[in-house]
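This is data-v5.csv. It holds CSV, N, CA and C atoms.
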```csv
chain,number,residue,atom,x,y,z
A,1,MET,N,-39.2,-43.5,67.0
A,1,MET,CA,-38.9,-44.7,66.4
A,1,MET,C,-38.0,-44.4,65.1
A,2,ASN,N,-36.9,-45.2,65.0
A,2,ASN,CA,-36.0,-45.0,63.9
A,2,ASN,C,-36.5,-45.8,62.7
A,3,THR,N,-36.7,-45.1,61.6
A,3,THR,CA,-37.2,-45.7,60.4
A,3,THR,C,-36.1,-45.8,59.3
A,4,ALA,N,-34.9,-45.4,59.6
A,4,ALA,CA,-33.8,-45.5,58.7
A,4,ALA,C,-33.4,-47.0,58.4
A,5,PRO,N,-33.1,-47.3,57.2
A,5,PRO,CA,-32.6,-48.7,56.9
A,5,PRO,C,-31.3,-49.0,57.7
A,6,ALA,N,-31.1,-50.2,57.9
A,6,ALA,CA,-29.9,-50.6,58.7
A,6,ALA,C,-28.6,-50.1,58.1
A,7,SER,N,-28.4,-50.2,56.8
A,7,SER,CA,-27.2,-49.8,56.2
A,7,SER,C,-26.9,-48.3,56.4
A,8,LEU,N,-28.0,-47.5,56.3
A,8,LEU,CA,-27.9,-46.0,56.6
A,8,LEU,C,-27.5,-45.8,58.0
A,9,THR,N,-28.1,-46.5,58.9
A,9,THR,CA,-27.8,-46.3,60.4
A,9,THR,C,-26.4,-46.7,60.6
A,10,MET,N,-25.9,-47.8,60.0
A,10,MET,CA,-24.5,-48.2,60.2
A,10,MET,C,-23.6,-47.2,59.6
A,11,LEU,N,-23.9,-46.6,58.4
A,11,LEU,CA,-23.1,-45.6,57.8
A,11,LEU,C,-23.0,-44.4,58.8
A,12,ARG,N,-24.1,-44.0,59.3
A,12,ARG,CA,-24.1,-42.8,60.2
A,12,ARG,C,-23.3,-43.1,61.4
A,13,ILE,N,-23.4,-44.2,62.0
A,13,ILE,CA,-22.6,-44.6,63.2
A,13,ILE,C,-21.1,-44.6,62.8
A,14,GLY,N,-20.8,-45.2,61.7
A,14,GLY,CA,-19.4,-45.3,61.3
A,14,GLY,C,-18.8,-43.9,61.0
A,15,ALA,N,-19.6,-43.1,60.3
A,15,ALA,CA,-19.1,-41.8,60.0
A,15,ALA,C,-19.0,-40.9,61.2
A,16,THR,N,-19.9,-41.0,62.2
A,16,THR,CA,-19.8,-40.2,63.4
A,16,THR,C,-18.6,-40.6,64.3
A,17,VAL,N,-18.4,-41.9,64.4
A,17,VAL,CA,-17.3,-42.3,65.2
A,17,VAL,C,-16.0,-41.9,64.6
A,18,THR,N,-15.9,-42.1,63.2
A,18,THR,CA,-14.7,-41.6,62.5
A,18,THR,C,-14.4,-40.2,62.7
A,19,ALA,N,-15.5,-39.3,62.6
A,19,ALA,CA,-15.3,-37.9,62.8
A,19,ALA,C,-14.8,-37.6,64.2
A,20,LEU,N,-15.4,-38.3,65.2
A,20,LEU,CA,-15.0,-38.0,66.6
A,20,LEU,C,-13.5,-38.4,66.8
A,21,LEU,N,-13.1,-39.6,66.2
A,21,LEU,CA,-11.7,-40.0,66.4
A,21,LEU,C,-10.8,-39.0,65.6
A,22,SER,N,-11.2,-38.5,64.5
A,22,SER,CA,-10.4,-37.6,63.8
A,22,SER,C,-10.2,-36.2,64.5
A,23,ILE,N,-11.2,-35.9,65.3
A,23,ILE,CA,-11.1,-34.7,66.1
A,23,ILE,C,-10.2,-34.9,67.3
A,24,LEU,N,-10.2,-36.2,67.8
A,24,LEU,CA,-9.3,-36.5,69.0
A,24,LEU,C,-7.9,-36.6,68.6
A,25,GLN,N,-7.6,-37.0,67.4
A,25,GLN,CA,-6.2,-37.2,67.0
A,25,GLN,C,-5.3,-35.9,67.2
A,26,PRO,N,-5.6,-34.8,66.7
A,26,PRO,CA,-4.7,-33.6,66.9
A,26,PRO,C,-4.7,-33.2,68.3
A,27,VAL,N,-5.7,-33.4,69.1
A,27,VAL,CA,-5.7,-33.2,70.5
A,27,VAL,C,-4.6,-34.0,71.2
A,28,LEU,N,-4.6,-35.3,70.9
A,28,LEU,CA,-3.6,-36.2,71.4
A,28,LEU,C,-2.2,-35.8,71.0
A,29,TYR,N,-2.0,-35.4,69.8
A,29,TYR,CA,-0.7,-35.0,69.3
A,29,TYR,C,-0.3,-33.7,70.1
A,30,LEU,N,-1.2,-32.8,70.3
A,30,LEU,CA,-0.8,-31.6,71.0
A,30,LEU,C,-0.5,-31.8,72.5
A,31,LEU,N,-1.1,-32.9,73.1
A,31,LEU,CA,-0.8,-33.2,74.5
A,31,LEU,C,0.7,-33.7,74.6
A,32,LYS,N,1.3,-34.2,73.5
A,32,LYS,CA,2.7,-34.5,73.5
A,32,LYS,C,3.5,-33.4,74.0
A,33,PHE,N,3.2,-32.2,73.5
A,33,PHE,CA,3.9,-31.0,73.8
A,33,PHE,C,3.6,-30.5,75.2
A,34,ALA,N,2.6,-30.9,75.8
A,34,ALA,CA,2.3,-30.6,77.2
A,34,ALA,C,3.0,-31.5,78.2
A,35,GLY,N,3.7,-32.5,77.6
A,35,GLY,CA,4.5,-33.3,78.5
A,35,GLY,C,3.8,-34.6,78.9
A,36,VAL,N,2.6,-34.9,78.4
A,36,VAL,CA,1.9,-36.1,78.7
A,36,VAL,C,2.6,-37.3,78.2
A,37,SER,N,3.0,-38.2,79.1
A,37,SER,CA,3.7,-39.4,78.7
A,37,SER,C,2.8,-40.5,78.1
A,38,GLY,N,3.3,-41.2,77.1
A,38,GLY,CA,2.6,-42.3,76.5
A,38,GLY,C,1.5,-41.8,75.6
A,39,VAL,N,1.3,-40.6,75.3
A,39,VAL,CA,0.2,-40.1,74.5
A,39,VAL,C,0.4,-40.5,73.0
A,40,MET,N,1.6,-40.7,72.6
A,40,MET,CA,1.8,-41.0,71.2
A,40,MET,C,1.4,-42.5,70.9
A,41,LYS,N,1.5,-43.3,71.9
A,41,LYS,CA,1.0,-44.7,71.8
A,41,LYS,C,-0.5,-44.7,71.6
A,42,VAL,N,-1.1,-43.8,72.4
A,42,VAL,CA,-2.6,-43.7,72.3
A,42,VAL,C,-3.0,-43.1,71.0
A,43,HIS,N,-2.2,-42.1,70.5
A,43,HIS,CA,-2.4,-41.5,69.2
A,43,HIS,C,-2.4,-42.6,68.1
A,44,GLY,N,-1.4,-43.5,68.2
A,44,GLY,CA,-1.3,-44.6,67.2
A,44,GLY,C,-2.5,-45.6,67.3
A,45,ILE,N,-2.8,-45.9,68.5
A,45,ILE,CA,-4.0,-46.9,68.6
A,45,ILE,C,-5.3,-46.2,68.1
A,46,THR,N,-5.4,-44.9,68.4
A,46,THR,CA,-6.6,-44.2,67.9
A,46,THR,C,-6.6,-44.1,66.4
A,47,GLY,N,-5.4,-43.9,65.8
A,47,GLY,CA,-5.3,-43.9,64.4
A,47,GLY,C,-5.7,-45.2,63.7
A,48,GLN,N,-5.3,-46.3,64.4
A,48,GLN,CA,-5.7,-47.6,63.9
A,48,GLN,C,-7.2,-47.9,64.0
A,49,ALA,N,-7.8,-47.4,65.1
A,49,ALA,CA,-9.2,-47.5,65.3
A,49,ALA,C,-10.0,-46.7,64.3
A,50,MET,N,-9.4,-45.5,64.0
A,50,MET,CA,-10.0,-44.7,63.0
A,50,MET,C,-10.0,-45.4,61.6
A,51,PHE,N,-8.9,-46.1,61.3
A,51,PHE,CA,-8.9,-46.9,60.0
A,51,PHE,C,-10.0,-47.9,60.0
A,52,VAL,N,-10.1,-48.6,61.1
A,52,VAL,CA,-11.1,-49.7,61.2
A,52,VAL,C,-12.5,-49.1,61.0
A,53,MET,N,-12.8,-47.9,61.6
A,53,MET,CA,-14.1,-47.3,61.5
A,53,MET,C,-14.3,-46.8,60.1
A,54,CYS,N,-13.3,-46.3,59.4
A,54,CYS,CA,-13.4,-45.9,58.0
A,54,CYS,C,-13.8,-47.0,57.1
A,55,VAL,N,-13.2,-48.2,57.4
A,55,VAL,CA,-13.5,-49.4,56.6
A,55,VAL,C,-15.0,-49.7,56.9
A,56,PHE,N,-15.4,-49.7,58.1
A,56,PHE,CA,-16.8,-50.0,58.5
A,56,PHE,C,-17.7,-49.0,57.8
A,57,ALA,N,-17.4,-47.7,57.8
A,57,ALA,CA,-18.2,-46.7,57.1
A,57,ALA,C,-18.3,-47.0,55.6
A,58,ALA,N,-17.1,-47.4,55.1
A,58,ALA,CA,-17.1,-47.6,53.6
A,58,ALA,C,-18.0,-48.8,53.2
A,59,VAL,N,-17.9,-49.9,54.0
A,59,VAL,CA,-18.7,-51.1,53.7
A,59,VAL,C,-20.2,-50.7,53.9
A,60,SER,N,-20.5,-49.9,54.9
A,60,SER,CA,-21.9,-49.5,55.1
A,60,SER,C,-22.4,-48.6,54.0
A,61,ALA,N,-21.5,-47.7,53.5
A,61,ALA,CA,-21.8,-46.8,52.4
A,61,ALA,C,-22.0,-47.6,51.1
A,62,ILE,N,-21.3,-48.7,50.9
A,62,ILE,CA,-21.5,-49.5,49.7
A,62,ILE,C,-22.9,-50.1,49.8
A,63,LEU,N,-23.2,-50.7,51.0
A,63,LEU,CA,-24.6,-51.2,51.1
A,63,LEU,C,-25.7,-50.2,50.9
A,64,TRP,N,-25.4,-49.0,51.5
A,64,TRP,CA,-26.4,-47.9,51.3
A,64,TRP,C,-26.5,-47.5,49.9
A,65,ALA,N,-25.4,-47.4,49.2
A,65,ALA,CA,-25.4,-47.1,47.7
A,65,ALA,C,-26.3,-48.0,46.9
A,66,ARG,N,-26.2,-49.3,47.3
A,66,ARG,CA,-27.0,-50.3,46.6
A,66,ARG,C,-28.5,-50.1,46.8
A,67,ALA,N,-28.8,-49.6,48.0
A,67,ALA,CA,-30.2,-49.4,48.4
A,67,ALA,C,-30.7,-48.0,47.9
A,68,SER,N,-29.9,-47.0,47.9
A,68,SER,CA,-30.4,-45.7,47.6
A,68,SER,C,-29.9,-45.1,46.2
A,69,GLY,N,-28.9,-45.7,45.7
A,69,GLY,CA,-28.3,-45.1,44.5
A,69,GLY,C,-27.4,-44.0,44.7
A,70,ASN,N,-27.1,-43.6,46.0
A,70,ASN,CA,-26.2,-42.5,46.3
A,70,ASN,C,-24.8,-42.9,46.3
A,71,LYS,N,-24.2,-42.7,45.1
A,71,LYS,CA,-22.8,-43.1,44.9
A,71,LYS,C,-21.8,-42.1,45.5
A,72,GLY,N,-22.2,-40.9,45.8
A,72,GLY,CA,-21.3,-39.9,46.3
A,72,GLY,C,-20.9,-40.2,47.7
A,73,LEU,N,-21.8,-40.6,48.6
A,73,LEU,CA,-21.4,-41.0,49.9
A,73,LEU,C,-20.5,-42.3,49.9
A,74,MET,N,-20.7,-43.2,49.0
A,74,MET,CA,-19.9,-44.4,48.9
A,74,MET,C,-18.5,-44.0,48.5
A,75,GLY,N,-18.3,-43.1,47.5
A,75,GLY,CA,-17.0,-42.7,47.0
A,75,GLY,C,-16.3,-41.9,48.1
A,76,HIS,N,-17.0,-41.1,48.8
A,76,HIS,CA,-16.4,-40.3,49.9
A,76,HIS,C,-15.9,-41.3,51.0
A,77,ALA,N,-16.7,-42.2,51.4
A,77,ALA,CA,-16.3,-43.2,52.5
A,77,ALA,C,-15.2,-44.1,52.0
A,78,ILE,N,-15.2,-44.5,50.8
A,78,ILE,CA,-14.0,-45.4,50.3
A,78,ILE,C,-12.8,-44.5,50.3
A,79,GLY,N,-12.9,-43.3,49.8
A,79,GLY,CA,-11.7,-42.4,49.8
A,79,GLY,C,-11.1,-42.2,51.1
A,80,LEU,N,-12.0,-42.0,52.1
A,80,LEU,CA,-11.6,-41.8,53.5
A,80,LEU,C,-10.9,-43.0,54.0
A,81,ALA,N,-11.4,-44.2,53.7
A,81,ALA,CA,-10.7,-45.4,54.2
A,81,ALA,C,-9.3,-45.6,53.6
A,82,ILE,N,-9.2,-45.3,52.3
A,82,ILE,CA,-7.9,-45.3,51.6
A,82,ILE,C,-6.9,-44.3,52.3
A,83,GLY,N,-7.5,-43.1,52.5
A,83,GLY,CA,-6.7,-42.0,53.2
A,83,GLY,C,-6.2,-42.5,54.6
A,84,ALA,N,-7.1,-43.2,55.3
A,84,ALA,CA,-6.8,-43.6,56.7
A,84,ALA,C,-5.7,-44.7,56.6
A,85,LEU,N,-5.7,-45.5,55.6
A,85,LEU,CA,-4.6,-46.5,55.5
A,85,LEU,C,-3.3,-45.8,55.2
A,86,ALA,N,-3.3,-44.8,54.3
A,86,ALA,CA,-2.1,-44.0,54.0
A,86,ALA,C,-1.7,-43.3,55.3
A,87,GLN,N,-2.6,-42.8,56.1
A,87,GLN,CA,-2.3,-42.1,57.3
A,87,GLN,C,-1.6,-43.0,58.3
A,88,VAL,N,-2.0,-44.2,58.5
A,88,VAL,CA,-1.4,-45.1,59.4
A,88,VAL,C,0.0,-45.4,58.9
A,89,ALA,N,0.2,-45.6,57.6
A,89,ALA,CA,1.5,-45.9,57.0
A,89,ALA,C,2.5,-44.7,57.2
A,90,LEU,N,2.0,-43.5,56.9
A,90,LEU,CA,2.8,-42.3,57.1
A,90,LEU,C,3.2,-42.1,58.6
A,91,GLY,N,2.3,-42.4,59.5
A,91,GLY,CA,2.6,-42.3,60.9
A,91,GLY,C,3.7,-43.3,61.3
A,92,GLU,N,3.5,-44.6,60.9
A,92,GLU,CA,4.5,-45.6,61.2
A,92,GLU,C,5.9,-45.3,60.6
A,93,LEU,N,5.9,-44.7,59.4
A,93,LEU,CA,7.2,-44.3,58.8
A,93,LEU,C,7.8,-43.0,59.3
A,94,LYS,N,7.1,-42.4,60.2
A,94,LYS,CA,7.5,-41.1,60.8
A,94,LYS,C,7.7,-40.0,59.8
A,95,LEU,N,6.9,-40.0,58.8
A,95,LEU,CA,6.9,-38.9,57.8
A,95,LEU,C,5.9,-37.8,58.3
A,96,THR,N,6.4,-37.1,59.2
A,96,THR,CA,5.5,-36.2,60.0
A,96,THR,C,4.8,-35.1,59.2
A,97,THR,N,5.5,-34.5,58.3
A,97,THR,CA,4.9,-33.4,57.5
A,97,THR,C,3.8,-33.9,56.7
A,98,LEU,N,4.0,-35.0,56.0
A,98,LEU,CA,2.9,-35.6,55.1
A,98,LEU,C,1.8,-36.1,56.0
A,99,HIS,N,2.2,-36.7,57.2
A,99,HIS,CA,1.2,-37.3,58.1
A,99,HIS,C,0.3,-36.2,58.6
A,100,ILE,N,0.8,-35.0,59.0
A,100,ILE,CA,0.0,-33.9,59.5
A,100,ILE,C,-0.8,-33.3,58.4
A,101,THR,N,-0.3,-33.2,57.2
A,101,THR,CA,-1.0,-32.6,56.1
A,101,THR,C,-2.2,-33.5,55.7
A,102,LEU,N,-2.0,-34.8,55.6
A,102,LEU,CA,-3.1,-35.7,55.3
A,102,LEU,C,-4.1,-35.8,56.5
A,103,GLY,N,-3.6,-35.6,57.7
A,103,GLY,CA,-4.4,-35.6,58.8
A,103,GLY,C,-5.4,-34.5,58.8
A,104,ILE,N,-5.0,-33.3,58.4
A,104,ILE,CA,-5.9,-32.2,58.3
A,104,ILE,C,-7.0,-32.4,57.2
A,105,ALA,N,-6.6,-33.0,56.1
A,105,ALA,CA,-7.5,-33.4,55.1
A,105,ALA,C,-8.5,-34.4,55.6
A,106,MET,N,-8.0,-35.4,56.3
A,106,MET,CA,-8.8,-36.5,56.9
A,106,MET,C,-9.8,-35.9,57.9
A,107,LEU,N,-9.4,-35.0,58.7
A,107,LEU,CA,-10.3,-34.3,59.7
A,107,LEU,C,-11.5,-33.7,58.9
A,108,ALA,N,-11.2,-32.9,57.9
A,108,ALA,CA,-12.2,-32.2,57.1
A,108,ALA,C,-13.1,-33.3,56.4
A,109,GLY,N,-12.5,-34.3,55.8
A,109,GLY,CA,-13.3,-35.3,55.1
A,109,GLY,C,-14.2,-36.1,56.1
A,110,ALA,N,-13.7,-36.5,57.3
A,110,ALA,CA,-14.5,-37.3,58.2
A,110,ALA,C,-15.7,-36.5,58.7
A,111,ILE,N,-15.4,-35.2,59.0
A,111,ILE,CA,-16.6,-34.4,59.5
A,111,ILE,C,-17.6,-34.2,58.4
A,112,ALA,N,-17.1,-34.0,57.1
A,112,ALA,CA,-18.0,-33.8,56.0
A,112,ALA,C,-18.8,-35.1,55.8
A,113,LEU,N,-18.2,-36.3,55.9
A,113,LEU,CA,-18.9,-37.5,55.7
A,113,LEU,C,-20.0,-37.7,56.7
A,114,ALA,N,-19.7,-37.4,58.0
A,114,ALA,CA,-20.7,-37.5,59.0
A,114,ALA,C,-21.9,-36.5,58.8
A,115,VAL,N,-21.6,-35.3,58.4
A,115,VAL,CA,-22.6,-34.3,58.1
A,115,VAL,C,-23.5,-34.8,56.9
A,116,LEU,N,-22.8,-35.2,55.9
A,116,LEU,CA,-23.6,-35.7,54.7
A,116,LEU,C,-24.4,-36.9,55.0
A,117,ALA,N,-23.9,-37.8,55.8
A,117,ALA,CA,-24.7,-39.0,56.1
A,117,ALA,C,-26.0,-38.7,56.8
A,118,TYR,N,-26.0,-37.6,57.6
A,118,TYR,CA,-27.2,-37.2,58.2
A,118,TYR,C,-28.1,-36.3,57.4
A,119,ARG,N,-27.5,-35.4,56.7
A,119,ARG,CA,-28.2,-34.3,56.0
A,119,ARG,C,-28.7,-34.7,54.5
A,120,LYS,N,-27.8,-35.4,53.8
A,120,LYS,CA,-28.1,-35.7,52.4
A,120,LYS,C,-27.8,-37.2,52.1
A,121,PRO,N,-28.5,-38.1,52.8
A,121,PRO,CA,-28.1,-39.5,52.5
A,121,PRO,C,-28.8,-40.1,51.3
A,122,GLY,N,-29.8,-39.4,50.7
A,122,GLY,CA,-30.6,-40.0,49.7
A,122,GLY,C,-31.7,-40.8,50.3
A,123,SER,N,-32.4,-41.5,49.4
A,123,SER,CA,-33.5,-42.4,50.0
A,123,SER,C,-33.5,-43.7,49.2
A,124,PRO,N,-34.0,-44.8,49.8
A,124,PRO,CA,-34.0,-46.1,49.2
A,124,PRO,C,-34.8,-46.0,47.9
A,125,THR,N,-34.2,-46.5,46.8
A,125,THR,CA,-35.0,-46.6,45.5
A,125,THR,C,-35.7,-47.9,45.4
A,126,THR,N,-35.1,-48.9,45.9
A,126,THR,CA,-35.8,-50.2,45.9
A,126,THR,C,-35.4,-50.9,47.2
A,127,PRO,N,-36.4,-51.7,47.7
A,127,PRO,CA,-36.1,-52.4,48.9
A,127,PRO,C,-34.9,-53.4,48.7
A,128,VAL,N,-34.1,-53.5,49.7
A,128,VAL,CA,-32.9,-54.4,49.7
A,128,VAL,C,-33.3,-55.5,50.7
A,129,ALA,N,-33.0,-56.7,50.4
A,129,ALA,CA,-33.3,-57.9,51.3
A,129,ALA,C,-32.6,-57.6,52.6
A,130,GLY,N,-33.4,-57.8,53.7
A,130,GLY,CA,-32.9,-57.6,55.0
A,130,GLY,C,-33.0,-56.1,55.5
A,131,GLU,N,-33.4,-55.2,54.7
A,131,GLU,CA,-33.5,-53.8,55.0
A,131,GLU,C,-35.0,-53.5,55.1
A,132,ALA,N,-35.4,-52.8,56.2
A,132,ALA,CA,-36.8,-52.4,56.3
A,132,ALA,C,-36.9,-51.0,56.7
```
What would the structure in this file look like if it were written as structure tokens?
Amino acid sequence: MNTAPASLTMLRIGATVTALLSILQPVLYLLKFAGVSGVMKVHGITGQAMFVMCVFAAVSAILWARASGNKGLMGHAIGLAIGALAQVALGELKLTTLHITLGIAMLAGAIALAVLAYRKPGSPTTPVAGEA
């Protein structure tokens, strides 16, 4: 039985999906060189989905920070969401070198957020309405 508060569960889901999408992104990019057609469109859609999941994780982290006092996860998730927005913009502007550089940082950050959400999430300090 899962005893984690809803905001922590949402944070973990958002962080895990973000990490999985960030791992998928360079694979999709490399498939371009293997001659797979249409892969860059999928890469773009996946990037936009990653941005949405980063925002979801950030909102969840804010709710979790209110319940647990863990501001580190909140800052990490918000930073990742801002990075994802920049990443989408760089990709649309075809600024490839900056896009790849930020992508590597986003990959590391997304994996770190997922690991931290499971290993060091903190614990609720006071009950939050709707959380049990």
Nearest to Leu30 in chain A, restricted to only C-alpha atoms and choosing among A:Arg12, A:His76, A:His43, A:Arg119, comes out as A:His43
Could you name the residues that touch range 82-98 of chain A at 8 Å or less, counting all atoms listed in the file, but leaving out those on the same chain fewer than 5 positions away, as a VMD selection string? chain A and resid 44 47 to 48 50 to 52 54 to 55 76 to 77 103 to 104 106
Here CA of Ala49 in chain A and atom C of Gly122 in chain A stand apart by 27.9 Å
Write out as a ChimeraX atom specification all residues of chain A that DSSP puts in alpha helix (DSSP H) for this structure's backbone. /A:6-33,39-68,71-92,96-119
A:Leu8, A:Leu21, A:Ala112, A:Leu31 ranked by distance to Thr46 in chain A, top pick (using all atoms listed in the file):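 For Thr46 in chain A, the nearest of the candidates is A:Leu21.
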Looking at A:Gly69, A:Ala117, A:Ala110, A:Pro124, which one is nearest to Ile23 in chain A, with distances taken over only C-alpha atoms? A:Ala110
Neighbours of range 26-29 of chain A within 6.5 Å (all atoms listed in the file; same-chain residues fewer than 3 positions away dropped), as a PyMOL selection string? chain A and resi 22-23+32-33+39-40+43
Could you work out how far atom N of Thr18 in chain A lies from atom C of His99 in chain A, giving the answer in Å with one decimal?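 Atom N of Thr18 in chain A lies 17.8 Å from atom C of His99 in chain A.
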Distance of atom N of Ile78 in chain A from atom C of Phe56 in chain A, expressed in Å to one decimal place: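 So the answer is 8.7 Å.
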If we count only C-alpha atoms, what is near Leu63 in chain A at a cut-off of 10 Å, once residues fewer than 5 positions away on the same chain are taken out, given as a ChimeraX atom specification? /A:6-8,10-11,57-58,68-69,74,128
Residue nearest Ala61 in chain A among A:Val42, A:Leu113, A:Ala15, A:Leu73 (counting only N, CA and C atoms): A:Leu73
Residue with smallest distance to Gly109 in chain A - pool A:Pro5, A:Leu80, A:Val59, A:Gly35, counting all atoms listed in the file: A:Leu80
Choose the residue, out of A:Ser123, A:Gln25, A:Thr3, A:Thr16, that has the smallest atom-to-atom separation from Trp64 in chain A; count only N, CA and C atoms.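 Of A:Ser123, A:Gln25, A:Thr3, A:Thr16, the one nearest Trp64 in chain A is A:Ser123, counting only N, CA and C atoms.
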